[in-house]
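Student: So that you have it, the file is final_11.pdb, and it contains PDB, C-alpha atoms, pLDDT in the B column:
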ATOM      1  CA  MET A   1       0.000   0.000   0.000  1.00 91.00           C
ATOM      2  CA  LEU A   2       1.495   3.352  -1.036  1.00 94.00           C
ATOM      3  CA  VAL A   3       0.973   6.223   1.394  1.00 94.00           C
ATOM      4  CA  GLU A   4       1.998   9.870   1.118  1.00 95.00           C
ATOM      5  CA  GLY A   5       4.548  10.731   3.813  1.00 90.00           C
ATOM      6  CA  PRO A   6       5.702  11.600   6.273  1.00 94.00           C
ATOM      7  CA  VAL A   7       4.245   8.543   7.998  1.00 94.00           C
ATOM      8  CA  GLU A   8       4.145   7.323  11.598  1.00 95.00           C
ATOM      9  CA  VAL A   9       3.137   3.692  12.228  1.00 93.00           C
ATOM     10  CA  VAL A  10       2.307   2.310  15.667  1.00 94.00           C
ATOM     11  CA  GLY A  11       3.053  -1.422  15.883  1.00 87.00           C
ATOM     12  CA  ASP A  12       1.113  -4.084  17.781  1.00 86.00           C
ATOM     13  CA  ASP A  13       3.587  -3.749  20.642  1.00 92.00           C
ATOM     14  CA  GLY A  14       3.198   0.048  20.752  1.00 94.00           C
ATOM     15  CA  THR A  15       6.498   0.901  19.060  1.00 93.00           C
ATOM     16  CA  LEU A  16       6.437   3.964  16.840  1.00 95.00           C
ATOM     17  CA  THR A  17       8.166   3.793  13.451  1.00 92.00           C
ATOM     18  CA  ARG A  18       8.534   6.938  11.346  1.00 94.00           C
ATOM     19  CA  SER A  19       9.459   7.677   7.724  1.00 93.00           C
ATOM     20  CA  ASP A  20      10.015  11.174   6.353  1.00 95.00           C
ATOM     21  CA  ARG A  21       9.992  10.027   2.720  1.00 94.00           C
ATOM     22  CA  PRO A  22       7.453  11.690   0.405  1.00 97.00           C
ATOM     23  CA  VAL A  23       5.864   8.297  -0.435  1.00 96.00           C
ATOM     24  CA  VAL A  24       6.245   5.049   1.494  1.00 94.00           C
ATOM     25  CA  ALA A  25       5.161   1.484   0.766  1.00 94.00           C
ATOM     26  CA  LEU A  26       3.506  -0.175   3.739  1.00 92.00           C
ATOM     27  CA  CYS A  27       3.449  -3.973   3.999  1.00 93.00           C
ATOM     28  CA  THR A  28      -0.047  -5.420   4.248  1.00 92.00           C
ATOM     29  CA  CYS A  29       0.882  -9.105   3.791  1.00 92.00           C
ATOM     30  CA  ARG A  30       3.283  -9.244   6.798  1.00 89.00           C
ATOM     31  CA  LEU A  31       5.931 -11.116   4.765  1.00 90.00           C
ATOM     32  CA  SER A  32       8.359  -8.184   4.754  1.00 91.00           C
ATOM     33  CA  ARG A  33      11.641  -8.542   6.629  1.00 90.00           C
ATOM     34  CA  ILE A  34      11.497  -4.785   7.320  1.00 90.00           C
ATOM     35  CA  PHE A  35       7.857  -4.671   8.451  1.00 90.00           C
ATOM     36  CA  PRO A  36       5.933  -2.295   8.544  1.00 92.00           C
ATOM     37  CA  TRP A  37       7.698  -1.192   5.332  1.00 91.00           C
ATOM     38  CA  CYS A  38       7.283  -3.255   2.155  1.00 93.00           C
ATOM     39  CA  ASP A  39      10.380  -5.008   0.774  1.00 92.00           C
ATOM     40  CA  THR A  40       8.441  -6.789  -2.037  1.00 91.00           C
ATOM     41  CA  SER A  41       8.698 -10.198  -0.306  1.00 90.00           C
ATOM     42  CA  HIS A  42       5.101 -10.814  -1.422  1.00 89.00           C
ATOM     43  CA  ARG A  43       6.398 -11.298  -4.957  1.00 87.00           C
ATOM     44  CA  GLY A  44       8.139 -14.544  -4.011  1.00 81.00           C
ATOM     45  CA  PRO A  45      11.465 -15.826  -5.294  1.00 77.00           C
ATOM     46  CA  PRO A  46      12.675 -14.824  -8.755  1.00 65.00           C
ATOM     47  CA  PRO A  47      12.152 -17.338 -11.562  1.00 62.00           C
ATOM     48  CA  PRO A  48      15.034 -19.784 -12.100  1.00 72.00           C
ATOM     49  CA  ARG A  49      17.716 -18.708 -14.559  1.00 72.00           C
ATOM     50  CA  GLY A  50      18.165 -20.559 -17.836  1.00 64.00           C
ATOM     51  CA  ASP A  51      14.543 -21.067 -18.792  1.00 53.00           C
ATOM     52  CA  ARG A  52      13.709 -22.022 -22.367  1.00 53.00           C
ATOM     53  CA  GLU A  53      11.777 -18.837 -23.092  1.00 52.00           C
ATOM     54  CA  SER A  54      14.842 -16.642 -22.628  1.00 49.00           C
ATOM     55  CA  GLY A  55      17.081 -18.941 -24.679  1.00 50.00           C
ATOM     56  CA  ASP A  56      19.730 -19.013 -21.937  1.00 50.00           C
ATOM     57  CA  GLY A  57      19.297 -22.629 -20.905  1.00 49.00           C
ATOM     58  CA  PRO A  58      20.413 -25.851 -22.478  1.00 50.00           C
ATOM     59  CA  SER A  59      18.987 -26.585 -25.898  1.00 47.00           C
ATOM     60  CA  PRO A  60      16.321 -29.308 -26.058  1.00 51.00           C
ATOM     61  CA  THR A  61      17.463 -32.620 -27.552  1.00 51.00           C
TER      62      THR A  61
END
Could you render the structure as structure tokens?
Tutor:
Amino acid sequence: MLVEGPVEVVGDDGTLTRSDRPVVALCTCRLSRIFPWCDTSHRGPPPPRGDRESGDGPSPT
């Protein structure tokens, strides 16, 4: 979720986290390693390298 800053977020434990950036991305899936800020962990791992579509992998026999 993108929010115009500055932003103050109060966590479940009462801690206050602040960002002075003009726009911040808040994590809503709770997968982020830097929660409450989004680190795009929701996207999952990148696709494996060398797939056939890119032509980088071994040629089919």
Student: Record the distance separating CA of Glu8 in chain A and CA of Asp20 in chain A, expressed in Å with one decimal.
Tutor: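 These two atoms are separated by 8.8 Å.
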Student: At what distance in Å, to one decimal, does CA of Cys38 in chain A lie from CA of Pro6 in chain A?
Tutor: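 Atom-to-atom, CA of Pro6 in chain A to CA of Cys38 in chain A, that is 15.5 Å.
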Student: Please indicate the distance in Å from CA of Gly11 in chain A to CA of Arg43 in chain A, rounded to one decimal place.
Tutor: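 The value is 23.3 Å.
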Student: Could you give me, as a PyMOL selection string, the residues within 10 Å of Cys29 in chain A, counting only C-alpha atoms and dropping anything in the same chain fewer than 2 positions from it?
Tutor: chain A and resi 1+26-27+31-32+35-36+38+40-42
Student: Name the closest residue to Val3 in chain A among the candidates A:Arg21, A:Asp39, A:Arg30, A:Gly44; distances are taken between atoms, counting all atoms listed in the file.
Tutor: A:Arg21
